[in-house]
$ cat coords-v6.txt   # compact mmCIF, C-alpha atoms and all ligand atoms
# COMPACT_ATOMS: atom_id res chain seq x y z
CA MET A 115 0.00 0.00 0.00
CA THR A 116 1.37 3.43 -0.86
CA GLU A 117 1.56 5.85 2.06
CA GLN A 118 0.38 9.37 1.26
CA LYS A 119 3.17 11.92 1.65
CA GLN A 120 2.63 14.28 4.60
CA THR A 121 3.12 17.74 3.12
CA PHE A 122 3.60 21.03 4.97
CA ALA A 123 -0.17 21.65 4.87
CA ASP A 124 -0.97 18.20 6.34
CA GLN A 125 1.54 18.72 9.16
CA LYS A 126 0.24 22.20 9.99
CA ARG A 127 -2.84 20.79 11.65
CA LYS A 128 -0.62 19.20 14.31
CA THR A 129 1.09 22.43 15.31
CA VAL A 130 -1.85 24.80 15.85
CA GLU A 131 -1.14 24.80 19.57
CA THR A 132 2.08 24.91 21.53
CA ALA A 133 2.52 22.15 24.10
CA GLU A 134 3.26 23.67 27.50
CA PHE A 135 4.36 21.91 30.68
CA THR A 136 4.08 22.50 34.41
CA GLU A 137 7.22 22.97 36.52
CA ASP A 138 7.23 19.27 37.35
CA GLY A 139 7.05 18.35 33.68
CA ARG A 140 3.38 17.47 33.27
CA TYR A 141 1.48 18.48 30.12
CA LYS A 142 -0.67 21.54 30.78
CA ARG A 143 -4.19 20.91 29.56
CA LYS A 144 -5.72 24.16 28.34
CA VAL A 145 -9.33 25.17 27.80
CA ARG A 146 -9.49 25.80 24.06
CA SER A 147 -12.06 27.85 22.15
CA PHE A 148 -11.97 25.34 19.28
CA VAL A 149 -12.13 21.64 18.52
CA LEU A 150 -10.13 20.68 15.48
CA ARG A 151 -12.64 19.42 12.97
CA THR A 152 -11.68 16.44 10.87
CA GLY A 153 -12.92 18.21 7.69
CA ARG A 154 -10.90 17.07 4.72
CA LEU A 155 -8.22 19.31 3.31
CA SER A 156 -8.94 19.20 -0.43
CA GLU A 157 -6.11 18.67 -2.90
CA TYR A 158 -6.62 22.25 -4.07
CA GLN A 159 -6.52 23.75 -0.54
CA ARG A 160 -3.45 21.64 0.28
CA ASN A 161 -1.62 22.88 -2.81
CA MET A 162 -2.60 26.47 -2.06
CA MET A 163 -1.05 26.21 1.39
CA ASN A 164 2.07 24.40 0.24
CA GLU A 165 2.75 26.75 -2.66
CA ASN A 166 1.86 30.12 -1.16
CA TRP A 167 2.86 29.91 2.49
CA SER A 168 6.11 31.79 1.95
CA GLU A 169 4.17 34.75 0.56
CA TYR A 170 1.18 34.78 2.93
CA GLY A 171 1.95 32.65 5.98
CA LEU A 172 3.40 33.60 9.34
CA GLU A 173 4.36 31.21 12.12
CA HIS A 174 3.96 31.33 15.87
CA GLN A 175 7.24 32.67 17.29
CA ALA A 176 8.72 33.61 20.65
CA GLU A 177 9.18 37.28 19.77
CA PHE A 178 6.91 40.06 18.57
CA PHE A 179 6.16 40.46 14.87
CA ASP A 180 7.78 43.40 13.14
CA PHE A 181 4.78 44.57 11.13
CA GLU A 182 6.65 47.24 9.15
CA LYS A 183 9.03 44.60 7.91
CA ILE A 184 6.26 42.09 7.22
CA TYR A 185 3.97 44.43 5.23
CA GLY A 186 6.60 46.87 3.99
CA ASN A 187 4.66 49.87 5.30
CA SER A 188 3.41 51.39 8.56
CA ASN A 189 -0.34 51.19 7.88
CA PRO A 190 -2.55 50.07 10.79
CA VAL A 191 -2.80 46.33 11.28
CA VAL A 192 -6.25 44.78 11.78
CA LEU A 193 -6.25 41.33 13.33
CA GLU A 194 -9.12 38.92 12.62
CA ILE A 195 -9.52 35.84 14.78
CA GLY A 196 -11.29 32.78 13.34
CA PHE A 197 -11.76 33.89 9.73
CA GLY A 198 -13.37 30.58 8.71
CA MET A 199 -13.03 30.21 4.91
CA GLY A 200 -11.62 33.77 4.73
CA LYS A 201 -13.89 35.23 2.05
CA SER A 202 -15.02 38.23 4.11
CA LEU A 203 -11.45 38.84 5.34
CA VAL A 204 -10.12 38.93 1.76
CA GLU A 205 -12.97 41.26 0.76
CA MET A 206 -12.10 43.63 3.59
CA ALA A 207 -8.41 43.58 2.64
CA GLU A 208 -9.37 44.39 -0.95
CA GLN A 209 -11.71 47.22 0.09
CA ASN A 210 -9.19 48.78 2.51
CA PRO A 211 -5.77 48.99 0.84
CA ASP A 212 -4.71 51.57 3.44
CA LYS A 213 -4.84 48.88 6.16
CA ASN A 214 -2.93 45.65 6.71
CA TYR A 215 -4.85 42.51 7.67
CA LEU A 216 -3.66 39.60 9.75
CA GLY A 217 -5.98 36.59 9.87
CA ILE A 218 -5.74 33.72 12.34
CA GLU A 219 -7.55 30.41 11.85
CA VAL A 220 -6.86 26.89 13.15
CA HIS A 221 -8.97 25.09 10.53
CA THR A 222 -6.55 24.22 7.69
CA PRO A 223 -9.19 23.84 4.92
CA GLY A 224 -10.23 27.43 5.75
CA VAL A 225 -6.62 28.63 5.58
CA GLY A 226 -6.20 26.97 2.17
CA ALA A 227 -9.45 28.47 0.89
CA CYS A 228 -8.46 31.93 2.16
CA LEU A 229 -5.09 31.77 0.39
CA ALA A 230 -6.75 30.70 -2.86
CA TYR A 231 -9.13 33.66 -2.72
CA ALA A 232 -6.37 36.13 -1.76
CA LEU A 233 -4.30 34.92 -4.69
CA GLU A 234 -7.23 35.18 -7.10
CA LYS A 235 -7.76 38.79 -5.98
CA ASN A 236 -4.02 39.55 -5.96
CA ILE A 237 -4.18 40.78 -2.35
CA LYS A 238 -0.92 42.12 -0.92
CA ASN A 239 -2.02 43.59 2.43
CA LEU A 240 -2.90 40.25 4.08
CA ARG A 241 -0.99 37.62 6.07
CA VAL A 242 -2.40 34.49 7.69
CA ILE A 243 -1.49 32.34 10.66
CA CYS A 244 -2.64 28.79 11.39
CA HIS A 245 -2.33 28.65 15.17
CA ASP A 246 -4.35 29.23 18.37
CA ALA A 247 -5.04 32.98 18.36
CA THR A 248 -4.73 33.29 22.14
CA GLU A 249 -1.10 32.10 21.93
CA ILE A 250 -0.37 34.46 19.02
CA LEU A 251 -1.79 37.40 20.98
CA ARG A 252 0.24 36.49 24.04
CA ASP A 253 3.56 35.73 22.34
CA CYS A 254 3.78 37.54 18.98
CA ILE A 255 1.83 40.81 19.17
CA ALA A 256 3.47 43.79 20.86
CA ASP A 257 1.44 46.11 23.11
CA GLU A 258 -0.06 49.10 21.29
CA SER A 259 0.65 47.64 17.86
CA LEU A 260 -2.84 46.87 16.46
CA GLY A 261 -5.27 49.24 14.77
CA GLY A 262 -8.15 46.86 15.44
CA LEU A 263 -9.32 43.40 16.39
CA GLN A 264 -12.29 41.72 14.72
CA LEU A 265 -14.00 38.54 15.80
CA PHE A 266 -16.96 37.55 13.66
CA PHE A 267 -19.30 34.74 14.67
CA PRO A 268 -16.97 32.93 17.07
CA ASP A 269 -18.05 29.46 18.16
CA PRO A 270 -20.92 30.21 20.58
CA TRP A 271 -20.50 27.12 22.76
CA HIS A 272 -24.23 26.95 23.45
CA LYS A 273 -24.28 24.70 26.52
CA ALA A 274 -23.67 26.34 29.90
CA LYS A 275 -21.08 23.69 30.80
CA HIS A 276 -19.06 24.78 27.72
CA HIS A 277 -19.28 28.56 28.29
CA LYS A 278 -15.73 28.53 29.66
CA ARG A 279 -14.59 27.67 26.12
CA ARG A 280 -15.95 30.93 24.72
CA ILE A 281 -13.01 32.99 23.51
CA VAL A 282 -14.50 36.24 24.83
CA GLN A 283 -13.56 36.32 28.52
CA PRO A 284 -12.31 39.21 30.71
CA HIS A 285 -8.68 38.11 30.35
CA PHE A 286 -9.02 37.94 26.56
CA VAL A 287 -10.46 41.48 26.32
CA GLU A 288 -7.79 42.81 28.70
CA THR A 289 -5.08 41.30 26.49
CA VAL A 290 -6.67 42.62 23.28
CA ALA A 291 -7.07 46.13 24.73
CA LYS A 292 -3.38 46.22 25.64
CA LYS A 293 -2.44 45.35 22.06
CA LEU A 294 -4.47 48.22 20.55
CA THR A 295 -3.14 51.66 19.72
CA VAL A 296 -5.15 54.65 20.98
CA GLY A 297 -8.21 54.92 18.71
CA GLY A 298 -7.96 51.21 17.82
CA PHE A 299 -11.21 49.19 17.73
CA ILE A 300 -12.66 45.95 19.03
CA HIS A 301 -15.43 44.65 16.77
CA PHE A 302 -17.36 41.52 17.76
CA ALA A 303 -20.37 40.06 15.93
CA THR A 304 -22.50 37.05 16.78
CA ASP A 305 -25.82 35.51 15.77
CA TRP A 306 -26.37 33.96 19.20
CA GLU A 307 -28.20 36.28 21.60
CA ASN A 308 -26.87 34.69 24.75
CA TYR A 309 -23.28 35.07 23.48
CA ALA A 310 -24.01 38.71 22.54
CA GLU A 311 -25.16 39.35 26.11
CA HIS A 312 -22.07 37.60 27.45
CA MET A 313 -19.79 39.69 25.17
CA LEU A 314 -21.44 42.91 26.32
CA GLU A 315 -21.19 41.91 29.99
CA VAL A 316 -17.49 41.03 29.62
CA LEU A 317 -16.66 44.25 27.74
CA GLN A 318 -18.54 46.36 30.29
CA SER A 319 -16.91 44.59 33.22
CA VAL A 320 -13.40 45.58 32.10
CA GLN A 321 -13.94 48.74 30.04
CA ARG A 322 -12.90 51.21 32.74
CA ALA A 323 -9.85 49.23 33.80
CA VAL A 324 -8.54 48.76 30.27
CA GLY A 325 -9.65 52.12 28.84
CA ILE A 326 -12.12 51.29 26.09
CA HIS A 327 -15.56 52.76 25.39
CA ASN A 328 -18.68 51.58 23.61
CA ILE A 329 -19.67 53.60 20.52
CA SER A 330 -23.26 52.32 20.71
CA LYS A 331 -25.74 55.17 21.29
CA THR A 332 -27.79 52.83 23.47
CA ASN A 333 -24.70 51.59 25.27
CA ASP A 334 -25.14 48.05 23.99
CA TYR A 335 -25.14 46.99 20.32
CA ILE A 336 -24.64 48.90 17.06
CA PRO A 337 -26.72 48.40 13.89
CA ARG A 338 -25.08 45.94 11.49
CA PRO A 339 -22.40 48.03 9.74
CA ASP A 340 -22.27 47.97 5.91
CA PHE A 341 -18.48 47.73 5.95
CA ARG A 342 -18.63 44.22 7.45
CA PRO A 343 -19.03 41.77 4.54
CA LEU A 344 -21.49 38.90 5.02
CA THR A 345 -19.62 35.92 6.44
CA LYS A 346 -20.36 32.25 5.81
CA PHE A 347 -21.64 31.72 9.36
CA GLU A 348 -23.73 34.86 9.26
CA ALA A 349 -25.39 33.69 6.02
CA ARG A 350 -26.10 30.34 7.65
CA GLY A 351 -27.59 32.09 10.71
CA ASN A 352 -29.75 34.27 8.43
CA LYS A 353 -31.19 31.14 6.81
CA LEU A 354 -32.03 29.75 10.24
CA GLY A 355 -33.76 33.02 11.17
CA HIS A 356 -31.12 34.09 13.71
CA GLY A 357 -30.62 37.75 14.60
CA VAL A 358 -27.22 39.52 14.46
CA TRP A 359 -25.55 41.55 17.19
CA ASP A 360 -22.52 43.79 16.53
CA LEU A 361 -20.45 45.29 19.35
CA TYR A 362 -17.92 48.03 18.70
CA PHE A 363 -15.57 49.55 21.29
CA ILE A 364 -12.73 52.06 20.85
CA LYS A 365 -9.54 52.36 22.88
CA ASP A 366 -9.31 55.70 24.75
C1 LIG B 401 -18.15 29.61 13.88
S1 LIG B 401 -16.69 29.81 12.93
C2 LIG B 401 -16.90 31.42 12.14
C3 LIG B 401 -16.02 31.61 10.96
C4 LIG B 401 -16.14 32.97 10.23
N1 LIG B 401 -15.73 34.08 11.07
C5 LIG B 401 -17.53 33.19 9.71
O1 LIG B 401 -18.24 34.06 10.26
O2 LIG B 401 -17.93 32.50 8.75
C6 LIG B 401 -15.46 30.15 14.16
C7 LIG B 401 -14.05 29.90 13.66
O3 LIG B 401 -13.11 30.30 14.65
C8 LIG B 401 -12.01 29.40 14.63
N2 LIG B 401 -11.37 29.49 15.96
C9 LIG B 401 -11.94 29.23 17.16
N3 LIG B 401 -11.06 29.44 18.16
C10 LIG B 401 -9.90 29.85 17.57
C11 LIG B 401 -8.62 30.21 18.08
N4 LIG B 401 -8.38 30.19 19.40
N5 LIG B 401 -7.67 30.57 17.21
C12 LIG B 401 -7.92 30.58 15.87
N6 LIG B 401 -9.11 30.26 15.32
C13 LIG B 401 -10.09 29.90 16.16
C14 LIG B 401 -12.65 28.05 14.33
O4 LIG B 401 -11.73 27.15 13.75
C15 LIG B 401 -13.77 28.44 13.36
O5 LIG B 401 -13.35 28.32 12.02
$ encode --input "coords-v6.txt" --output "structure tokens" --more "lines below"
Ligand SMILES: C[S@@+](CC[C@H](N)C(=O)[O-])C[C@H]1O[C@@H](n2cnc3c(N)ncnc32)[C@H](O)[C@@H]1O
Amino acid sequence: MTEQKQTFADQKRKTVETAEFTEDGRYKRKVRSFVLRTGRLSEYQRNMMNENWSEYGLEHQAEFFDFEKIYGNSNPVVLEIGFGMGKSLVEMAEQNPDKNYLGIEVHTPGVGACLAYALEKNIKNLRVICHDATEILRDCIADESLGGLQLFFPDPWHKAKHHKRRIVQPHFVETVAKKLTVGGFIHFATDWENYAEHMLEVLQSVQRAVGIHNISKTNDYIPRPDFRPLTKFEARGNKLGHGVWDLYFIKD
């Protein structure tokens, strides 16, 4: 039987998190906001990753990224966590050439699809990372270096016993706020009302301490902004009759 060759793209799936150990050498089990789906990496997505990683891909590293060097300019960098198949991220990069985009996604078929679309559109102001975003934020992003953070339709983890897996937690927002420049934004969107309420509660609980404010006139949600392209999960939610909640905060 012929064994299929494990290419860079196939291996990537195994390195989306960094193994960490306690002082006495035991593996530290972490609460993750994702479960790696077994979804098949198509031949096309695999090739896209293998052939275009040097142009678009960045790796987890133990020092901060030098964005000027990476993008070749000093435009603001907008970080998107969990871009899914990446279509809306590529559209935003195309519509905003005066910004740099950095997308993080652990799902390799999504990363492959995003690269394919970026290549088709000849996008230059985009880089992608296939790694747990919380580790990237902690290890690779300098304080006061981001123009914005967007998180669209994160996994809602519906059951109460799984709420601890939700990526939006006080510590997460504190970390994100530190990474933003003054005037930088935090933009969350969800189609799950209970997660929207949770996001608002978390943001409000830390807003004074971290120096961010809500731009909503009603001090909760903003109307769906036109500049946010429809995402795959949003379209799915629309079909199921779900509502949409957008939250938008600015760093003071
Ligand atoms: C429900 S999907 C939404 C995808 C896309 N934003 C959309 O609206 O179509 C959430 C995505 O976040 C990714 N994700 C969850 N936790 C993550 C993490 N810690 N780092 C990177 N990606 C993550 C998942 O792999 C998944 O693709």
$ residues_near_ligand --input "coords-v6.txt" --ligand "ligand LIG 401 (chain B)" --cutoff "6 Å" --atoms "only C-alpha atoms and all ligand atoms" --output "number ranges by chain"
A: 147-148, 195-198, 218-221, 245-248, 266-269, 345-348
$ residues_near_point --input "coords-v6.txt" --point "(-7.7, 32.7, -5.0)" --cutoff "12 Å" --atoms "only C-alpha atoms" --output "VMD selection string"
chain A and resid 158 to 159 161 to 163 166 199 to 201 204 to 205 225 to 237
$ closest_residue --input "coords-v6.txt" --among "A:Lys144, A:Arg322, A:Lys238, A:His301" --to "Gly186 in chain A" --atoms "all atoms listed in the file"
A:Lys238
$ closest_residue --input "coords-v6.txt" --among "A:Leu260, A:Ile300, A:Cys244, A:Leu354" --to "Lys213 in chain A" --atoms "only C-alpha atoms"
A:Leu260
$ closest_residue --input "coords-v6.txt" --among "A:Arg146, A:Thr136, A:Glu131, A:Thr222" --to "Arg160 in chain A" --atoms "only C-alpha atoms"
A:Thr222
$ atom_distance --input "coords-v6.txt" --atom1 "CA of Ala123 in chain A" --atom2 "CA of His174 in chain A"
15.2 Å
$ decode --input "coords-v6.txt" --residues "range 173-206 of chain A" --atoms "N, CA and C atoms" --output "PDB file, in the first residue's frame"
ATOM      1  N   GLU A 173       4.346  32.278  11.123  1.00  0.00           N
ATOM      2  CA  GLU A 173       4.356  31.206  12.123  1.00  0.00           C
ATOM      3  C   GLU A 173       4.320  31.784  13.527  1.00  0.00           C
ATOM      4  N   HIS A 174       3.829  30.964  14.468  1.00  0.00           N
ATOM      5  CA  HIS A 174       3.961  31.329  15.873  1.00  0.00           C
ATOM      6  C   HIS A 174       5.442  31.455  16.187  1.00  0.00           C
ATOM      7  N   GLN A 175       5.831  32.502  16.936  1.00  0.00           N
ATOM      8  CA  GLN A 175       7.241  32.670  17.290  1.00  0.00           C
ATOM      9  C   GLN A 175       7.345  33.244  18.698  1.00  0.00           C
ATOM     10  N   ALA A 176       8.545  33.189  19.262  1.00  0.00           N
ATOM     11  CA  ALA A 176       8.718  33.609  20.653  1.00  0.00           C
ATOM     12  C   ALA A 176       9.045  35.095  20.776  1.00  0.00           C
ATOM     13  N   GLU A 177       8.977  35.826  19.674  1.00  0.00           N
ATOM     14  CA  GLU A 177       9.175  37.279  19.769  1.00  0.00           C
ATOM     15  C   GLU A 177       8.095  38.002  18.978  1.00  0.00           C
ATOM     16  N   PHE A 178       7.986  39.318  19.213  1.00  0.00           N
ATOM     17  CA  PHE A 178       6.908  40.064  18.570  1.00  0.00           C
ATOM     18  C   PHE A 178       7.140  40.206  17.074  1.00  0.00           C
ATOM     19  N   PHE A 179       6.064  40.218  16.311  1.00  0.00           N
ATOM     20  CA  PHE A 179       6.163  40.457  14.870  1.00  0.00           C
ATOM     21  C   PHE A 179       6.601  41.897  14.623  1.00  0.00           C
ATOM     22  N   ASP A 180       7.400  42.066  13.581  1.00  0.00           N
ATOM     23  CA  ASP A 180       7.782  43.401  13.142  1.00  0.00           C
ATOM     24  C   ASP A 180       6.898  43.715  11.925  1.00  0.00           C
ATOM     25  N   PHE A 181       5.768  44.395  12.192  1.00  0.00           N
ATOM     26  CA  PHE A 181       4.779  44.573  11.131  1.00  0.00           C
ATOM     27  C   PHE A 181       5.294  45.410   9.962  1.00  0.00           C
ATOM     28  N   GLU A 182       6.128  46.403  10.252  1.00  0.00           N
ATOM     29  CA  GLU A 182       6.650  47.240   9.149  1.00  0.00           C
ATOM     30  C   GLU A 182       7.447  46.394   8.170  1.00  0.00           C
ATOM     31  N   LYS A 183       8.206  45.475   8.748  1.00  0.00           N
ATOM     32  CA  LYS A 183       9.027  44.596   7.912  1.00  0.00           C
ATOM     33  C   LYS A 183       8.132  43.607   7.137  1.00  0.00           C
ATOM     34  N   ILE A 184       7.125  43.097   7.833  1.00  0.00           N
ATOM     35  CA  ILE A 184       6.255  42.088   7.218  1.00  0.00           C
ATOM     36  C   ILE A 184       5.457  42.668   6.049  1.00  0.00           C
ATOM     37  N   TYR A 185       4.851  43.859   6.271  1.00  0.00           N
ATOM     38  CA  TYR A 185       3.971  44.427   5.234  1.00  0.00           C
ATOM     39  C   TYR A 185       4.683  45.454   4.346  1.00  0.00           C
ATOM     40  N   GLY A 186       5.880  45.884   4.787  1.00  0.00           N
ATOM     41  CA  GLY A 186       6.601  46.868   3.987  1.00  0.00           C
ATOM     42  C   GLY A 186       6.017  48.258   4.064  1.00  0.00           C
ATOM     43  N   ASN A 187       5.204  48.524   5.099  1.00  0.00           N
ATOM     44  CA  ASN A 187       4.662  49.874   5.305  1.00  0.00           C
ATOM     45  C   ASN A 187       4.232  49.998   6.766  1.00  0.00           C
ATOM     46  N   SER A 188       3.790  51.203   7.155  1.00  0.00           N
ATOM     47  CA  SER A 188       3.407  51.389   8.563  1.00  0.00           C
ATOM     48  C   SER A 188       1.901  51.607   8.713  1.00  0.00           C
ATOM     49  N   ASN A 189       1.123  51.089   7.774  1.00  0.00           N
ATOM     50  CA  ASN A 189      -0.342  51.193   7.876  1.00  0.00           C
ATOM     51  C   ASN A 189      -0.841  50.419   9.103  1.00  0.00           C
ATOM     52  N   PRO A 190      -2.020  50.805   9.630  1.00  0.00           N
ATOM     53  CA  PRO A 190      -2.553  50.072  10.793  1.00  0.00           C
ATOM     54  C   PRO A 190      -2.812  48.603  10.476  1.00  0.00           C
ATOM     55  N   VAL A 191      -2.579  47.770  11.463  1.00  0.00           N
ATOM     56  CA  VAL A 191      -2.802  46.327  11.283  1.00  0.00           C
ATOM     57  C   VAL A 191      -4.100  45.912  11.983  1.00  0.00           C
ATOM     58  N   VAL A 192      -4.990  45.280  11.226  1.00  0.00           N
ATOM     59  CA  VAL A 192      -6.253  44.776  11.782  1.00  0.00           C
ATOM     60  C   VAL A 192      -6.148  43.260  11.885  1.00  0.00           C
ATOM     61  N   LEU A 193      -6.362  42.770  13.093  1.00  0.00           N
ATOM     62  CA  LEU A 193      -6.255  41.327  13.332  1.00  0.00           C
ATOM     63  C   LEU A 193      -7.652  40.713  13.340  1.00  0.00           C
ATOM     64  N   GLU A 194      -7.834  39.643  12.571  1.00  0.00           N
ATOM     65  CA  GLU A 194      -9.122  38.920  12.620  1.00  0.00           C
ATOM     66  C   GLU A 194      -8.885  37.521  13.152  1.00  0.00           C
ATOM     67  N   ILE A 195      -9.640  37.173  14.177  1.00  0.00           N
ATOM     68  CA  ILE A 195      -9.516  35.841  14.781  1.00  0.00           C
ATOM     69  C   ILE A 195     -10.642  34.945  14.274  1.00  0.00           C
ATOM     70  N   GLY A 196     -10.284  33.754  13.782  1.00  0.00           N
ATOM     71  CA  GLY A 196     -11.292  32.779  13.340  1.00  0.00           C
ATOM     72  C   GLY A 196     -11.973  33.214  12.063  1.00  0.00           C
ATOM     73  N   PHE A 197     -11.190  33.361  10.973  1.00  0.00           N
ATOM     74  CA  PHE A 197     -11.760  33.894   9.730  1.00  0.00           C
ATOM     75  C   PHE A 197     -12.530  32.850   8.932  1.00  0.00           C
ATOM     76  N   GLY A 198     -12.593  31.615   9.408  1.00  0.00           N
ATOM     77  CA  GLY A 198     -13.373  30.578   8.706  1.00  0.00           C
ATOM     78  C   GLY A 198     -12.770  30.278   7.354  1.00  0.00           C
ATOM     79  N   MET A 199     -13.545  30.470   6.269  1.00  0.00           N
ATOM     80  CA  MET A 199     -13.029  30.211   4.915  1.00  0.00           C
ATOM     81  C   MET A 199     -12.345  31.465   4.354  1.00  0.00           C
ATOM     82  N   GLY A 200     -12.428  32.588   5.060  1.00  0.00           N
ATOM     83  CA  GLY A 200     -11.624  33.771   4.727  1.00  0.00           C
ATOM     84  C   GLY A 200     -12.178  34.706   3.677  1.00  0.00           C
ATOM     85  N   LYS A 201     -13.383  34.401   3.157  1.00  0.00           N
ATOM     86  CA  LYS A 201     -13.890  35.226   2.052  1.00  0.00           C
ATOM     87  C   LYS A 201     -14.103  36.673   2.505  1.00  0.00           C
ATOM     88  N   SER A 202     -14.733  36.851   3.669  1.00  0.00           N
ATOM     89  CA  SER A 202     -15.022  38.230   4.108  1.00  0.00           C
ATOM     90  C   SER A 202     -13.727  38.959   4.476  1.00  0.00           C
ATOM     91  N   LEU A 203     -12.745  38.220   4.995  1.00  0.00           N
ATOM     92  CA  LEU A 203     -11.454  38.836   5.335  1.00  0.00           C
ATOM     93  C   LEU A 203     -10.764  39.351   4.071  1.00  0.00           C
ATOM     94  N   VAL A 204     -10.745  38.526   3.026  1.00  0.00           N
ATOM     95  CA  VAL A 204     -10.119  38.934   1.759  1.00  0.00           C
ATOM     96  C   VAL A 204     -10.863  40.140   1.182  1.00  0.00           C
ATOM     97  N   GLU A 205     -12.190  40.114   1.274  1.00  0.00           N
ATOM     98  CA  GLU A 205     -12.970  41.258   0.757  1.00  0.00           C
ATOM     99  C   GLU A 205     -12.614  42.535   1.502  1.00  0.00           C
ATOM    100  N   MET A 206     -12.456  42.438   2.820  1.00  0.00           N
ATOM    101  CA  MET A 206     -12.097  43.632   3.593  1.00  0.00           C
ATOM    102  C   MET A 206     -10.700  44.122   3.216  1.00  0.00           C
TER     103      MET A 206
END
